[in-house]
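Enquirer: Would you mind keeping the following structure in view while I ask a few things?
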Amino acid sequence: MLDLINVSYDTQIPNNVGLSSDKKVLKALEKWHPGYINWWNDLIPQKFQESMVYLRTAVSVDPKGWAKFDYVKMPEYRWGVLLAPQVDGRTIPCGEHKGQPAWQEVPGEYRNLMKRLIVIQGDTEPGSVEQQRFLGLTAPSLYDMRNLFQVNVEEGRHLWAMVYLLQKYFGRDGREEADDMLRRSSGSEEAPRMLGAFNEETPDWLSFFMFTYFTDRDGKMQLESLAQSGFDPLSRTCRFMLTEEAHHMFVGETGVGRTIERTCQVMNENGITDPYDTNKIRDLGVIDLPTIQKKLNLHYTLSLDLFGQEVSTNAANAFNAGIKGRYQENRIDDDHMLTNDTYVVWDMVDGQAVQREVPALTAINMRLRDDYTRDAAGGVGRWNKIIAKAGIEFELKLPHESFNRKIGVFAGHNFDPDGKVVSGAEYDAGLPKWLPTHADGDFIQSLMKPVTEPGKYAGWINPPKVGIDNKPGDFEYVKLHMA
Amino acid sequence: MTKLIDFQTDPSKYRHWRVEYDGPVANLIMDVDENAGLFDGYQLKLNSYDLGVDIELADVVQRMRFEHPEVKVVVMKSGKEKVFCAGANIRMLGGAAHSHKVNFCKFTNETRNTFEAAEADSGQKYVAAVKGACAGGGYELALACNHIMLTDDSASSVALPEVPLLAVLPGTGGLTRVTDKRKVRRDRADIFCTIEEGVRGKRAQDWRLVDEVISNAKFDAAVEERAKEFAAASTKADVEKGIELTPLQREIGADGSVTYSLVEVAVDRDARTATITLHGPEEDAPADMAAFTEQGAQAYMLRLARELDDAFLHLRLNEMELGLLVLRTQGDPEKFLAHEALLLNNADHWLANEVLHYWKRILKRVDVTSRSMVALVEHGSCFAGILAELLFSVDRSYMMEDEFEGDNRPLATVTLSEANFGRMPMGNDLTRLETRFLGEPESVEKAKAAIGEALEAEDADELGLVTEILDDIDWEDEIRIFMEERASFSPDAMTGMEANLRFAGPETMETRIFGRLTAWQNWIFNRPNAVGAEGALQRYGTGVRGKYNMERV
């Protein structure tokens, strides 16, 4: 077990920020760390705490150090504080300070705005771990279980990264905010996580894959925009986090892909050509494609809500202050200040969705969401290739962005997944076809039986093409602790 | 903003508030309809408010006292998730004329004062149950409640972000209540007022920004329980049934004149003058409070109050260029005093109490109206008791002396009553006569000795109750010259001068709130740093920060 009294932070916490010589941060971390370990211990079921998991640990930021694989017990995972290397002469990429040297310390005038962005980002990291805490019990394979835990410990590390920034740069307020990250909890009535999508349950593995594909991709986009920050430590932190975030989306995309692949395979083996022959397909113990589409509809739209209001003062302020940029800001060909630019956003006029131009500065959220949608469409295309290759006539698609929205201009209006305004009655009638029903949930839940034998997979999902760290198919990714 | 703003409403017309009555406890729920702003060009998002929202609140508070005297505790809460109230709508403020902003703030202040005083005046205690963001004017709503409960969900906070966000000050007494009412230490208040996100949880309680911080899971139950406790501890007498505040009879003429049943407003646009005439009662006073209650909103003393109140609000918000208000009365002073006496003699009757407090509030409303005001005590007038109080509220008063040729109305008199000696305090907590005679307290005593005497001009002048007395020869000319002169001065200088002169003597929280409003807020709201093309208020929402002239003035 970790010795919490005599932590050698340079060995226990891989870091490239000189942690052991930074008295201020050390003092803060010493107080925070036990709470974090308690949070972790209370969260993950005990038998997994004791299990040896084949995990990737980042011990430094150079290509050799950021992916060290070995067996480790999760509570002893070495959560590192790692910032991407400093770029010489980096300047603020956007907004009214564009071209000035990037800040190495927090500018007082933006302290609160910056702190709020970091807190919101930080709050999502432990949130998803909380949402996924019981999934280990129903993992379809040791391979998947290991991927879940990898995602979990890395979200934990991302929390560390945000907490480090808060404690290092934001004084007493920052320390309090760091404590509150451990106080809030997903779905809690007492103190819920800040964003709605992180208070929803992740009840089954298909949800987990959809979550890592769609919702972690929101995280990626937010990190991408923070990686453009004029506040250099934030930028460097987020750039390094992005290298890990890619794996989460890989877990999501391949997880959904393997599920689809299995469904198509079983349909073909049994001569079923109609993807809507739901009962027959389900009787064979695989998840029918229309249900996968419903799950997709749900997670995509929940994730769109995470981008906030289409027209947002806060986002405009943050961009103009140079605290966050747009997706791939440096590749965009404009003045990076958006002085007179406009951007097209959705709005509701007399109950109809219309597009209109607004000052681009106020549409930063909308633009990032559009980038997100383009980014998210890629994997959907690859899933469709799997279906097409199997010769089944079915196409998954992203619903229109007006469907099932709780935040932004579409909230409170009834749209179908094609973006058509429908009556309340039509909406009620359509919902069972558009979003997962409780019955769908029951069915998926009935498939969630753990498979813990190395190299074996639950019947509703195919094995991966390649193992983690190029390990062979029967590799024991998790050595389960048998109590 | 040329649309006529109507201060009359009723529950059937509410768009932004609803009230759930549960015996002695009423839940007052703010649920602003974002598409029902008073003007075009903004949406009332996140429970933000404009004057329309506040007119409804004022109506709720007023009806709570008259129509629901059974209520002892009012719990103010939000009907929206994650936000209690985001304060005054910024886009509305950004788009509004300066005069509208100031009068909007003044009205909202009066409404805050009204429900704040409801506990002391009527035994109705307002409690704020804060869940979600409570910022700016939202926190000021809570501050005016007499008990603030905040949920501890590690996200809900109270905040006054005006300075860092908008480069203006909280407009409804926020700063003053933080130090004077909540007694927050000044250095902590300094921190609190400069951080956008405000203060939450335990610190909010430690700093006395709220009274209680309660765990989120237990919050609703705790609020309910506290409301019940407050209701049980209330000393307010049980009243079975209130009276209905029926719609006012009011006609607005094409020339801008307004005619009520007892109040008339005549408008002379060239002279930028409105003349308000109050009529005395025709009928005898009701025999007792039972008869008064039976008459309800039609009872003379209440009807006159409501009409006068509405007339002042109308003039303030809809007639900005009428810089001089002339107050007249006509009627039988004795009859008026008989009506007044019924209330004074039964002041412990709930309805008499409410009507008297209502008159107190109206007189305060007159005190803080930033128009030049003059009272003309003419023959046939009835400046008696409460109506005489108007003489001490206005900037100057002129009284007719002796008979006027061709005028057969009864000679002008002023009659004091008990009402002039304590029941109708000003914001500074002194009576108007005490304020008037700040340097000569013995004059208050002399005036008191004259209670009930119908004082003719010379006597009234002797007692210092009027500015000047004028006879038939001088009256017309002197009045004309005064009015022409007054209308020619800079309205800004008048507003400042009058506000300075009206409130002699000690400061109270109330005078500080209005004083700071007219001075600091007026000034800041006019400076380019806030409202210039590059000012923070204009730029709010664009993403571009306000550009400040850094010179300290």
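By convention in this document, the chains of the structure tokens carry letters A, B, ... by their order, each chain's residues are numbered from 1, and ligands are numbered from 1 in the order they are shown.
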Please find the residues of chain A near chain B - the criterion being any atom within 7 Å, counting only C-alpha atoms - and write them as a PDB file with N, CA and C atoms, in the first residue's frame.
Expert:
```pdb
ATOM      1  N   ASP A 180     -13.035  20.648  -3.397  1.00  0.00           N
ATOM      2  CA  ASP A 180     -14.433  20.456  -3.813  1.00  0.00           C
ATOM      3  C   ASP A 180     -14.574  19.446  -4.949  1.00  0.00           C
ATOM      4  N   ARG A 184     -17.746  16.923  -4.634  1.00  0.00           N
ATOM      5  CA  ARG A 184     -18.835  16.660  -5.578  1.00  0.00           C
ATOM      6  C   ARG A 184     -18.738  15.221  -6.054  1.00  0.00           C
ATOM      7  N   GLU A 189     -27.105  13.683  -4.876  1.00  0.00           N
ATOM      8  CA  GLU A 189     -28.113  14.675  -4.568  1.00  0.00           C
ATOM      9  C   GLU A 189     -27.455  15.794  -3.759  1.00  0.00           C
ATOM     10  N   GLU A 190     -26.487  15.380  -2.955  1.00  0.00           N
ATOM     11  CA  GLU A 190     -25.804  16.289  -2.049  1.00  0.00           C
ATOM     12  C   GLU A 190     -24.991  17.340  -2.807  1.00  0.00           C
ATOM     13  N   ALA A 191     -24.131  16.888  -3.684  1.00  0.00           N
ATOM     14  CA  ALA A 191     -23.287  17.805  -4.445  1.00  0.00           C
ATOM     15  C   ALA A 191     -22.942  17.146  -5.778  1.00  0.00           C
ATOM     16  N   PRO A 192     -23.814  17.335  -6.758  1.00  0.00           N
ATOM     17  CA  PRO A 192     -23.602  16.673  -8.042  1.00  0.00           C
ATOM     18  C   PRO A 192     -22.422  17.266  -8.809  1.00  0.00           C
ATOM     19  N   THR A 313     -21.430  34.381 -23.876  1.00  0.00           N
ATOM     20  CA  THR A 313     -20.561  35.459 -23.419  1.00  0.00           C
ATOM     21  C   THR A 313     -19.292  34.920 -22.785  1.00  0.00           C
ATOM     22  N   ALA A 316     -16.906  33.752 -25.367  1.00  0.00           N
ATOM     23  CA  ALA A 316     -16.352  34.914 -26.063  1.00  0.00           C
ATOM     24  C   ALA A 316     -15.275  35.570 -25.203  1.00  0.00           C
ATOM     25  N   ASN A 317     -15.588  35.748 -23.929  1.00  0.00           N
ATOM     26  CA  ASN A 317     -14.611  36.354 -23.017  1.00  0.00           C
ATOM     27  C   ASN A 317     -13.332  35.531 -22.977  1.00  0.00           C
ATOM     28  N   ASN A 320     -11.363  35.864 -26.283  1.00  0.00           N
ATOM     29  CA  ASN A 320     -10.784  37.190 -26.452  1.00  0.00           C
ATOM     30  C   ASN A 320      -9.661  37.448 -25.451  1.00  0.00           C
ATOM     31  N   LEU A 361     -17.039  35.970 -32.468  1.00  0.00           N
ATOM     32  CA  LEU A 361     -16.499  35.916 -31.110  1.00  0.00           C
ATOM     33  C   LEU A 361     -17.506  35.293 -30.144  1.00  0.00           C
ATOM     34  N   THR A 362     -18.777  35.564 -30.369  1.00  0.00           N
ATOM     35  CA  THR A 362     -19.788  35.051 -29.448  1.00  0.00           C
ATOM     36  C   THR A 362     -20.179  33.612 -29.791  1.00  0.00           C
TER      37      THR A 362
END
```
Enquirer: Tell me, as an NGL selection string, which residues lie within 12 Å of A:Leu166, counting only C-alpha atoms; anything in the same chain fewer than 3 positions away does not count.
Expert: :A and (24-25 or 28-29 or 32 or 105-106 or 111-112 or 114-122 or 159-163 or 169-181 or 233-234)
Enquirer: Stretch 268-276 of chain A: which residues within 12 Å, counting only C-alpha atoms, same-chain residues fewer than 2 positions away excluded, as a count of residues only?
Expert: 32
Enquirer: At a cut-off of 7 Å, using only C-alpha atoms, what residues contact B:Tyr49? Leave out same-chain residues fewer than 6 positions from it and give the result as a list in words.
Expert: Gly87, Ala88 and Asn89 of chain B
Enquirer: What's the 12 Å shell around A:Gly18, counting only C-alpha atoms, without same-chain residues fewer than 3 positions away, as a ChimeraX atom specification?
Expert: /A:9-11,13-15,21-26,80-83,164,168
Enquirer: For B:Leu317, list every protein, DNA or RNA residue within 9 Å, evaluated using only C-alpha atoms, and leave out those in the same chain fewer than 3 positions away; present the list as a PyMOL selection string.
Expert: chain B and resi 4-5+99-100+103-104+312-314+320
Enquirer: Apply DSSP to the structure's backbone, then extract all residues of stretch 77-195 of chain B labelled strand (DSSP E) and return them as a PyMOL selection string.
Expert: chain B and resi 77-78+83-85+87-88+125-130+133-135+147-152+157-159
Enquirer: Nearest to A:Phe415: which of A:Val256, A:Ala353, A:Ile92, A:Val53 is it, counting only C-alpha atoms?
Expert: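 That would be A:Ala353, the residue with the smallest distance to A:Phe415.
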Enquirer: Assign secondary structure with DSSP using the backbone only, and return the residues of stretch 139-276 of chain B in alpha helix (DSSP H) as a ChimeraX atom specification.
Expert: /B:139-144,162-166,174-176,186-192,201-206,216-233
Enquirer: How would the residues just chosen look if you wrote them out with C-alpha atoms as a tab-separated table (two decimals), in the first residue's frame?
Expert:
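Output file out25.tsv is given in full below:
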```
chain	number	residue	atom	x	y	z
B	139	TYR	CA	-28.41	38.31	-4.25
B	140	GLU	CA	-29.95	41.70	-3.59
B	141	LEU	CA	-33.37	40.06	-3.63
B	142	ALA	CA	-32.08	37.60	-1.04
B	143	LEU	CA	-30.41	40.36	0.97
B	144	ALA	CA	-33.72	42.14	1.37
B	162	GLU	CA	-21.13	44.04	-10.92
B	163	VAL	CA	-17.72	45.61	-10.43
B	164	PRO	CA	-15.55	42.99	-12.14
B	165	LEU	CA	-18.08	42.11	-14.79
B	166	LEU	CA	-19.86	45.30	-15.70
B	174	GLY	CA	-26.32	45.32	-2.37
B	175	LEU	CA	-23.19	47.00	-1.08
B	176	THR	CA	-25.02	48.78	1.69
B	186	ARG	CA	-15.48	45.62	5.20
B	187	ASP	CA	-12.34	43.87	3.96
B	188	ARG	CA	-14.27	40.67	3.37
B	189	ALA	CA	-16.98	42.70	1.68
B	190	ASP	CA	-14.25	44.17	-0.50
B	191	ILE	CA	-13.17	40.70	-1.58
B	192	PHE	CA	-16.74	39.57	-2.03
B	201	GLY	CA	-20.74	27.02	1.27
B	202	LYS	CA	-19.38	27.47	4.73
B	203	ARG	CA	-17.49	30.62	3.94
B	204	ALA	CA	-20.70	32.33	2.89
B	205	GLN	CA	-22.06	31.60	6.34
B	206	ASP	CA	-18.81	32.46	8.16
B	216	ASN	CA	-28.23	19.89	-0.48
B	217	ALA	CA	-29.98	16.61	0.24
B	218	LYS	CA	-31.69	18.14	3.27
B	219	PHE	CA	-32.19	21.59	1.88
B	220	ASP	CA	-35.84	21.49	0.82
B	221	ALA	CA	-36.89	19.83	4.04
B	222	ALA	CA	-34.87	22.31	6.09
B	223	VAL	CA	-36.48	25.24	4.30
B	224	GLU	CA	-39.92	23.86	4.92
B	225	GLU	CA	-39.13	23.21	8.55
B	226	ARG	CA	-37.63	26.67	9.08
B	227	ALA	CA	-40.66	28.30	7.47
B	228	LYS	CA	-42.91	26.39	9.84
B	229	GLU	CA	-40.78	27.41	12.83
B	230	PHE	CA	-40.84	31.06	11.85
B	231	ALA	CA	-44.59	30.88	11.33
B	232	ALA	CA	-45.08	29.25	14.74
B	233	ALA	CA	-42.88	31.86	16.41
```
Enquirer: One number please: atom CA of A:Gln132 to atom CA of A:Met210, in Å, one decimal.
Expert: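 Atom CA of A:Gln132 sits 12.3 Å away from atom CA of A:Met210.
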